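J.: Take a look at coords_3.cif, mmCIF, C-alpha atoms and all ligand atoms:
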```cif
data_data
#
loop_
_atom_site.label_atom_id
_atom_site.label_comp_id
_atom_site.auth_asym_id
_atom_site.auth_seq_id
_atom_site.Cartn_x
_atom_site.Cartn_y
_atom_site.Cartn_z
CA MET B 1 -148.59 40.02 92.96
CA LYS B 2 -147.96 38.58 89.51
CA ILE B 3 -144.74 36.74 88.69
CA ALA B 4 -143.77 35.58 85.18
CA VAL B 5 -141.17 32.84 84.70
CA ASP B 6 -140.19 32.20 81.08
CA GLY B 7 -137.46 30.24 79.34
CA PRO B 8 -136.68 27.29 77.08
CA ALA B 9 -137.29 23.58 77.78
CA GLY B 10 -135.45 22.20 80.78
CA ALA B 11 -134.28 25.54 82.21
CA GLY B 12 -136.09 24.66 85.44
CA LYS B 13 -139.11 26.95 85.02
CA SER B 14 -141.86 24.66 86.30
CA THR B 15 -140.01 23.45 89.39
CA ILE B 16 -138.76 26.91 90.30
CA ALA B 17 -142.09 28.65 89.61
CA ARG B 18 -144.00 26.06 91.66
CA LEU B 19 -141.62 26.36 94.63
CA ILE B 20 -141.74 30.16 94.55
CA ALA B 21 -145.53 30.07 94.46
CA GLU B 22 -145.55 27.71 97.41
CA ARG B 23 -143.14 29.84 99.45
CA LEU B 24 -145.08 33.04 98.78
CA GLY B 25 -148.51 31.44 99.15
CA LEU B 26 -149.55 32.25 95.57
CA ARG B 27 -151.35 30.21 92.94
CA TYR B 28 -149.24 28.56 90.25
CA LEU B 29 -150.05 27.95 86.59
CA ASP B 30 -147.98 25.76 84.26
CA THR B 31 -149.10 27.26 80.93
CA GLY B 32 -147.23 24.63 78.88
CA ALA B 33 -149.55 22.02 80.38
CA MET B 34 -152.47 23.69 78.58
CA TYR B 35 -150.79 23.41 75.15
CA ARG B 36 -149.82 19.85 76.02
CA ALA B 37 -153.42 18.92 76.93
CA ILE B 38 -154.77 20.21 73.60
CA THR B 39 -151.95 18.36 71.82
CA LEU B 40 -152.85 15.10 73.60
CA GLU B 41 -156.50 15.44 72.60
CA ALA B 42 -155.57 16.29 68.97
CA LEU B 43 -153.34 13.19 68.77
CA ARG B 44 -156.09 11.02 70.25
CA ARG B 45 -158.50 12.26 67.59
CA GLY B 46 -155.93 11.76 64.82
CA VAL B 47 -155.93 15.47 63.95
CA ASP B 48 -153.13 16.85 61.75
CA THR B 49 -151.11 19.26 63.92
CA ASN B 50 -150.66 21.57 60.88
CA ASP B 51 -154.42 22.00 60.50
CA GLU B 52 -155.30 25.08 62.53
CA ALA B 53 -159.06 24.83 61.96
CA ALA B 54 -159.13 21.19 63.07
CA LEU B 55 -157.03 22.04 66.15
CA MET B 56 -159.48 24.80 67.03
CA ARG B 57 -162.37 22.32 66.80
CA VAL B 58 -160.48 20.16 69.29
CA ALA B 59 -159.73 23.09 71.63
CA THR B 60 -163.31 24.35 71.64
CA SER B 61 -164.99 20.98 72.01
CA VAL B 62 -163.09 19.69 75.02
CA ASP B 63 -163.38 20.90 78.60
CA LEU B 64 -159.87 21.83 79.76
CA ASN B 65 -159.46 22.39 83.48
CA ILE B 66 -156.45 23.03 85.67
CA SER B 67 -156.53 22.72 89.43
CA PHE B 68 -154.04 24.30 91.82
CA GLN B 69 -152.53 21.77 94.19
CA GLY B 70 -150.06 23.85 96.20
CA SER B 71 -146.73 22.08 96.47
CA SER B 72 -147.64 19.31 94.04
CA GLY B 73 -148.29 21.76 91.21
CA ASN B 74 -151.19 21.62 88.78
CA LEU B 75 -153.54 18.77 87.95
CA VAL B 76 -154.77 18.85 84.37
CA TYR B 77 -158.17 17.53 83.29
CA LEU B 78 -159.69 16.95 79.86
CA ASP B 79 -163.44 16.38 80.15
CA GLU B 80 -162.89 15.40 83.79
CA GLU B 81 -160.21 12.82 82.94
CA ASP B 82 -156.97 13.44 84.86
CA VAL B 83 -154.30 13.70 82.12
CA THR B 84 -151.56 15.22 84.30
CA GLU B 85 -149.14 12.40 83.56
CA LEU B 86 -150.28 11.56 80.03
CA ILE B 87 -149.42 15.06 78.76
CA ARG B 88 -145.73 14.42 79.56
CA GLN B 89 -145.51 11.49 77.11
CA PRO B 90 -142.70 11.85 74.52
CA ASN B 91 -145.28 11.76 71.72
CA VAL B 92 -147.04 14.84 73.12
CA THR B 93 -143.67 16.59 73.65
CA ALA B 94 -142.76 15.90 70.02
CA HIS B 95 -145.93 17.60 68.67
CA VAL B 96 -146.65 20.38 71.17
CA SER B 97 -144.49 23.02 69.46
CA ALA B 98 -146.36 22.53 66.20
CA VAL B 99 -149.73 22.87 67.96
CA SER B 100 -148.65 25.93 69.97
CA SER B 101 -147.37 27.74 66.87
CA HIS B 102 -150.90 28.39 65.51
CA LYS B 103 -152.21 31.92 66.06
CA LYS B 104 -155.80 30.91 66.81
CA VAL B 105 -154.76 28.17 69.21
CA ARG B 106 -152.56 30.66 71.06
CA GLU B 107 -155.32 33.29 71.21
CA PHE B 108 -157.68 30.71 72.65
CA ILE B 109 -155.24 29.46 75.32
CA VAL B 110 -153.89 32.92 76.18
CA ALA B 111 -157.47 34.14 76.80
CA LEU B 112 -157.90 31.32 79.35
CA GLN B 113 -154.58 32.22 80.96
CA GLU B 114 -155.54 35.90 81.15
CA GLN B 115 -158.80 34.95 82.86
CA ILE B 116 -156.92 32.86 85.43
CA GLY B 117 -154.41 35.70 85.90
CA LYS B 118 -157.19 38.18 86.65
CA GLN B 119 -158.47 36.06 89.53
CA GLY B 120 -155.59 37.18 91.79
CA SER B 121 -151.94 36.78 92.66
CA ILE B 122 -150.17 34.08 90.68
CA VAL B 123 -146.88 32.67 89.41
CA MET B 124 -147.10 31.54 85.76
CA ASP B 125 -144.42 29.78 83.82
CA GLY B 126 -144.15 29.46 80.05
CA ARG B 127 -142.63 31.03 76.95
CA ASP B 128 -144.61 34.26 76.50
CA ILE B 129 -145.78 35.14 80.00
CA GLY B 130 -143.66 38.28 80.43
CA THR B 131 -144.19 39.38 76.83
CA VAL B 132 -147.86 38.55 76.10
CA VAL B 133 -149.88 36.94 78.90
CA MET B 134 -148.84 39.17 81.83
CA PRO B 135 -146.85 42.07 80.35
CA ASP B 136 -147.69 44.00 83.52
CA ALA B 137 -146.22 41.35 85.89
CA ASP B 138 -144.52 42.71 89.02
CA TRP B 139 -141.62 40.37 88.44
CA LYS B 140 -140.36 38.80 85.25
CA PHE B 141 -137.67 36.16 85.25
CA PHE B 142 -136.12 34.49 82.22
CA LEU B 143 -134.35 31.24 83.09
CA GLU B 144 -131.66 29.86 80.81
CA ALA B 145 -129.13 27.01 80.84
CA THR B 146 -126.91 25.34 78.25
CA VAL B 147 -128.55 22.73 75.99
CA GLU B 148 -126.23 20.07 77.46
CA GLU B 149 -127.35 20.79 81.02
CA ARG B 150 -131.03 21.03 80.07
CA ALA B 151 -130.87 17.67 78.29
CA ARG B 152 -129.10 16.11 81.29
CA ARG B 153 -131.90 17.32 83.61
CA ARG B 154 -134.64 16.14 81.26
CA LYS B 155 -132.97 12.71 81.00
CA ILE B 156 -133.06 12.30 84.80
CA GLU B 157 -136.73 13.39 84.85
CA LEU B 158 -137.75 10.98 82.05
CA GLU B 159 -135.80 8.07 83.49
CA ALA B 160 -137.49 8.60 86.83
CA GLN B 161 -140.78 8.09 84.94
CA GLY B 162 -139.41 4.86 83.47
CA VAL B 163 -138.77 6.35 79.99
CA PRO B 164 -135.26 5.39 78.76
CA VAL B 165 -133.64 8.10 76.61
CA ASP B 166 -130.47 8.71 74.66
CA LEU B 167 -128.72 11.91 75.79
CA SER B 168 -127.59 13.11 72.36
CA GLU B 169 -131.03 12.43 70.87
CA LEU B 170 -132.58 14.41 73.68
CA GLN B 171 -130.19 17.32 73.06
CA GLU B 172 -131.20 17.34 69.42
CA GLN B 173 -134.93 17.29 70.29
CA ILE B 174 -134.46 20.17 72.73
CA ARG B 175 -132.50 22.18 70.13
CA GLN B 176 -135.27 21.63 67.59
CA ARG B 177 -138.03 22.60 70.03
CA ASP B 178 -136.10 25.74 71.11
CA HIS B 179 -135.68 26.64 67.45
CA ARG B 180 -139.38 26.14 66.64
CA ASP B 181 -140.51 28.00 69.78
CA SER B 182 -138.21 30.97 69.23
CA THR B 183 -138.65 31.40 65.47
CA ARG B 184 -142.45 31.04 65.22
CA ASP B 185 -144.39 34.10 64.04
CA ASN B 186 -146.86 34.16 66.93
CA SER B 187 -145.46 35.27 70.29
CA PRO B 188 -142.12 33.49 70.01
CA LEU B 189 -140.05 32.49 73.01
CA ARG B 190 -138.02 35.55 73.96
CA LYS B 191 -136.92 37.42 77.01
CA ALA B 192 -139.07 40.45 77.81
CA LYS B 193 -136.93 43.59 77.81
CA ASP B 194 -137.61 44.12 81.49
CA ALA B 195 -137.12 40.48 82.59
CA ILE B 196 -134.26 39.46 84.86
CA LEU B 197 -132.06 36.86 83.17
CA VAL B 198 -130.91 33.96 85.37
CA ASP B 199 -128.47 31.38 83.99
CA THR B 200 -129.23 28.21 85.95
CA THR B 201 -126.53 26.01 84.31
CA SER B 202 -124.41 25.68 87.42
CA LEU B 203 -127.06 26.42 90.04
CA SER B 204 -129.13 23.93 92.03
CA ILE B 205 -132.90 24.29 92.25
CA SER B 206 -132.68 25.66 95.78
CA GLU B 207 -130.02 28.18 94.74
CA VAL B 208 -132.25 29.53 91.97
CA VAL B 209 -135.29 29.64 94.27
CA HIS B 210 -133.22 31.43 96.89
CA ARG B 211 -131.91 33.97 94.37
CA LEU B 212 -135.38 34.80 93.02
CA LEU B 213 -136.97 34.97 96.47
CA SER B 214 -134.25 37.22 97.82
CA LEU B 215 -134.72 39.64 94.93
CA ILE B 216 -138.47 39.74 95.59
CA LYS B 217 -138.17 40.00 99.36
CA GLU B 218 -135.32 42.50 99.35
CA ASP B 219 -137.41 44.75 97.20
CA SER B 220 -140.60 44.30 99.22
CA SER B 221 -138.87 45.03 102.55
CA ASP B 222 -137.59 48.35 101.15
CA VAL B 223 -140.96 49.66 100.22
CA GLN B 224 -143.39 47.50 102.17
CA VAL B 225 -145.27 46.54 99.05
CA PHE B 226 -144.35 44.25 96.20
CA ARG B 227 -143.43 46.41 93.30
CA CYS B 228 -141.89 46.08 89.93
CA ARG B 229 -138.11 46.14 89.59
CA HIS B 230 -137.88 46.87 85.90
O1 LIG V 1 -141.63 21.67 80.36
P1 LIG V 1 -141.13 21.94 78.98
O2 LIG V 1 -140.16 23.05 78.95
O3 LIG V 1 -140.70 20.73 78.24
O4 LIG V 1 -142.30 22.45 78.11
P2 LIG V 1 -143.69 23.07 78.55
O5 LIG V 1 -143.47 24.25 79.43
O6 LIG V 1 -144.57 21.98 79.02
O7 LIG V 1 -144.20 23.61 77.14
C1 LIG V 1 -144.41 22.73 76.07
C2 LIG V 1 -144.52 23.53 74.78
O8 LIG V 1 -145.68 24.37 74.83
C3 LIG V 1 -143.36 24.47 74.46
O9 LIG V 1 -142.30 23.82 73.79
C4 LIG V 1 -144.04 25.52 73.58
O10 LIG V 1 -144.13 25.09 72.26
C5 LIG V 1 -145.44 25.58 74.16
N1 LIG V 1 -145.67 26.69 75.08
C6 LIG V 1 -145.91 27.94 74.54
O11 LIG V 1 -145.89 28.09 73.32
N2 LIG V 1 -146.22 28.99 75.34
C7 LIG V 1 -146.25 28.84 76.67
N3 LIG V 1 -146.58 29.89 77.43
C8 LIG V 1 -145.97 27.60 77.24
C9 LIG V 1 -145.66 26.54 76.43
#
```
Translate this structure into structure tokens?
Ligand code: CDP
T.:
Amino acid sequence: MKIAVDGPAGAGKSTIARLIAERLGLRYLDTGAMYRAITLEALRRGVDTNDEAALMRVATSVDLNISFQGSSGNLVYLDEEDVTELIRQPNVTAHVSAVSSHKKVREFIVALQEQIGKQGSIVMDGRDIGTVVMPDADWKFFLEATVEERARRRKIELEAQGVPVDLSELQEQIRQRDHRDSTRDNSPLRKAKDAILVDTTSLSISEVVHRLLSLIKEDSSDVQVFRCRH
């Protein structure tokens, strides 16, 4: 079974996708972590994030690996260094949209994601999973929430990591990233026509997980196999 979870920053994709994977016993891939890892390496090497050729030299000269850790999500490695936490730094977040907007960078990363997808059942979260990476997914969900709520959630997350943030600044950063992600030429953030839209603004994590799992299970008990609900 293949499940795609897409949506903008802070809509709850990673947490929800990871919990669904855990409950269904599937692998989980946080595709944003791959763009973040390349961004971290580019920043370390002082590469201009507008220079596609230089970014491709970074992407092709570093060994990017993701391991599946069940309930604790993915661990991300660059040349065997664990960068799982480093890729969440505000500096990486500020540059990742620019890096991910380049066609060649996307082709390179999407090819890796397709390879991982082919290895068996999986839940992937990102921006273009239902539209580009797994257009044939059995289930496609598009999670949304207001900018205010998404910024509030991100603030709690960052503060838990010891990063103090200003709420209105965070809202502005999220708006800008949404804008860049949804207006770029190459596979922009958008809901696949056959994705199920879930507004998570007033829902808790467990309510969203419950809603998605009941849709999947209700359907599978009808027909005894997991099938598409498009
Ligand atoms: O967790 P958060 O929503 O902050 O972002 P993320 O999922 O880690 O993704 C970081 C960035 O990577 C996004 O803002 C996009 O620019 C890019 N991305 C993408 O272009 N395509 C994906 N499938 C996943 C992420």
J.: How far is it from CA of Glu80 in chain B to CA of Val92 in chain B, in Å with one decimal?
T.: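 Interatomic distance here is 19.1 Å.
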J.: Which residues, written as a ChimeraX atom specification, have at least one atom at most 6 Å from Asn186 in chain B, with only C-alpha atoms counted and residues fewer than 2 positions away on the same chain left out?
T.: /B:103,184,188
J.: How would you report the residues lying within 9 Å of ligand LIG 1 (chain V), as a count of residues only, if you count only C-alpha atoms and all ligand atoms?
T.: 50
J.: At most 12 Å from (-137.0, 32.9, 95.5), file frame, all atoms listed in the file: which residues, as a compact mmCIF listing (two decimals) with C-alpha atoms, in the frame of the given file?
T.:
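File produced: point.txt:
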```txt
# COMPACT_ATOMS: atom_id res chain seq x y z
CA ILE B 3 -144.74 36.74 88.69
CA VAL B 5 -141.17 32.84 84.70
CA THR B 15 -140.01 23.45 89.39
CA ILE B 16 -138.76 26.91 90.30
CA ALA B 17 -142.09 28.65 89.61
CA ARG B 18 -144.00 26.06 91.66
CA LEU B 19 -141.62 26.36 94.63
CA ILE B 20 -141.74 30.16 94.55
CA ALA B 21 -145.53 30.07 94.46
CA GLU B 22 -145.55 27.71 97.41
CA ARG B 23 -143.14 29.84 99.45
CA LEU B 24 -145.08 33.04 98.78
CA VAL B 123 -146.88 32.67 89.41
CA TRP B 139 -141.62 40.37 88.44
CA PHE B 141 -137.67 36.16 85.25
CA VAL B 198 -130.91 33.96 85.37
CA ILE B 205 -132.90 24.29 92.25
CA SER B 206 -132.68 25.66 95.78
CA GLU B 207 -130.02 28.18 94.74
CA VAL B 208 -132.25 29.53 91.97
CA VAL B 209 -135.29 29.64 94.27
CA HIS B 210 -133.22 31.43 96.89
CA ARG B 211 -131.91 33.97 94.37
CA LEU B 212 -135.38 34.80 93.02
CA LEU B 213 -136.97 34.97 96.47
CA SER B 214 -134.25 37.22 97.82
CA LEU B 215 -134.72 39.64 94.93
CA ILE B 216 -138.47 39.74 95.59
CA LYS B 217 -138.17 40.00 99.36
CA GLU B 218 -135.32 42.50 99.35
CA ASP B 219 -137.41 44.75 97.20
```
J.: Considering all atoms listed in the file, can you say which of B:Leu55, B:Leu158, B:Ala145, B:Ile122 comes closest to Ser202 in chain B?
T.: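 Smallest separation from Ser202 in chain B among the options: B:Ala145.
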J.: Counting only C-alpha atoms, what is within 7 Å of Ala151 in chain B, bar same-chain residues fewer than 3 positions away, as a PyMOL selection string?
T.: chain B and resi 10+147-148+154-155+167+170-171
J.: The selected residues should be written to file as a PDB file, keeping the file's coordinate frame (atoms: C-alpha atoms).
T.:
```pdb
ATOM      1  CA  GLY B  10    -135.450  22.200  80.780  1.00  0.00           C
ATOM      2  CA  VAL B 147    -128.550  22.730  75.990  1.00  0.00           C
ATOM      3  CA  GLU B 148    -126.230  20.070  77.460  1.00  0.00           C
ATOM      4  CA  ARG B 154    -134.640  16.140  81.260  1.00  0.00           C
ATOM      5  CA  LYS B 155    -132.970  12.710  81.000  1.00  0.00           C
ATOM      6  CA  LEU B 167    -128.720  11.910  75.790  1.00  0.00           C
ATOM      7  CA  LEU B 170    -132.580  14.410  73.680  1.00  0.00           C
ATOM      8  CA  GLN B 171    -130.190  17.320  73.060  1.00  0.00           C
TER       9      GLN B 171
END
```
J.: Find the distance between CA of Thr201 in chain B and CA of Ala160 in chain B and write it in Å to one decimal.
T.: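 Interatomic distance, CA of Thr201 in chain B to CA of Ala160 in chain B: 20.7 Å.
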J.: Looking at B:Val83, B:Glu159, B:Gly46, B:Asp194, which one is nearest to Asp136 in chain B, with distances taken over only C-alpha atoms?
T.: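 The answer is B:Asp194, which sits nearest to Asp136 in chain B.
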J.: Measuring atom to atom with all atoms listed in the file, identify which of B:Gln89, B:Asp82, B:Tyr77, B:Phe108 is nearest to Ala59 in chain B.
T.: B:Phe108
J.: Pull N, CA and C atoms for range 89-101 of chain B from the block and write them as a PDB file, in the first residue's frame.
T.:
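Below is the file that was written, selection-v3.pdb:
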```pdb
ATOM      1  N   GLN B  89      17.537  23.324  11.555  1.00  0.00           N
ATOM      2  CA  GLN B  89      17.988  24.663  11.953  1.00  0.00           C
ATOM      3  C   GLN B  89      17.282  25.732  11.123  1.00  0.00           C
ATOM      4  N   PRO B  90      16.947  26.889  11.759  1.00  0.00           N
ATOM      5  CA  PRO B  90      16.268  27.963  11.027  1.00  0.00           C
ATOM      6  C   PRO B  90      16.993  28.377   9.743  1.00  0.00           C
ATOM      7  N   ASN B  91      18.321  28.306   9.739  1.00  0.00           N
ATOM      8  CA  ASN B  91      19.058  28.711   8.542  1.00  0.00           C
ATOM      9  C   ASN B  91      18.779  27.770   7.357  1.00  0.00           C
ATOM     10  N   VAL B  92      18.640  26.499   7.658  1.00  0.00           N
ATOM     11  CA  VAL B  92      18.307  25.521   6.601  1.00  0.00           C
ATOM     12  C   VAL B  92      16.865  25.782   6.136  1.00  0.00           C
ATOM     13  N   THR B  93      15.960  25.983   7.090  1.00  0.00           N
ATOM     14  CA  THR B  93      14.550  26.250   6.753  1.00  0.00           C
ATOM     15  C   THR B  93      14.437  27.482   5.848  1.00  0.00           C
ATOM     16  N   ALA B  94      15.260  28.483   6.113  1.00  0.00           N
ATOM     17  CA  ALA B  94      15.181  29.723   5.334  1.00  0.00           C
ATOM     18  C   ALA B  94      15.631  29.528   3.884  1.00  0.00           C
ATOM     19  N   HIS B  95      16.495  28.538   3.614  1.00  0.00           N
ATOM     20  CA  HIS B  95      17.030  28.367   2.255  1.00  0.00           C
ATOM     21  C   HIS B  95      16.477  27.169   1.488  1.00  0.00           C
ATOM     22  N   VAL B  96      15.736  26.288   2.191  1.00  0.00           N
ATOM     23  CA  VAL B  96      15.355  25.024   1.537  1.00  0.00           C
ATOM     24  C   VAL B  96      14.409  25.219   0.349  1.00  0.00           C
ATOM     25  N   SER B  97      13.530  26.219   0.411  1.00  0.00           N
ATOM     26  CA  SER B  97      12.612  26.435  -0.718  1.00  0.00           C
ATOM     27  C   SER B  97      13.366  26.831  -1.978  1.00  0.00           C
ATOM     28  N   ALA B  98      14.407  27.641  -1.798  1.00  0.00           N
ATOM     29  CA  ALA B  98      15.198  28.064  -2.957  1.00  0.00           C
ATOM     30  C   ALA B  98      15.878  26.841  -3.576  1.00  0.00           C
ATOM     31  N   VAL B  99      16.464  26.001  -2.721  1.00  0.00           N
ATOM     32  CA  VAL B  99      17.166  24.805  -3.223  1.00  0.00           C
ATOM     33  C   VAL B  99      16.181  23.867  -3.927  1.00  0.00           C
ATOM     34  N   SER B 100      15.007  23.673  -3.311  1.00  0.00           N
ATOM     35  CA  SER B 100      14.063  22.688  -3.864  1.00  0.00           C
ATOM     36  C   SER B 100      13.339  23.204  -5.107  1.00  0.00           C
ATOM     37  N   SER B 101      13.544  24.470  -5.464  1.00  0.00           N
ATOM     38  CA  SER B 101      12.838  24.989  -6.642  1.00  0.00           C
ATOM     39  C   SER B 101      13.556  24.635  -7.950  1.00  0.00           C
TER      40      SER B 101
END
```
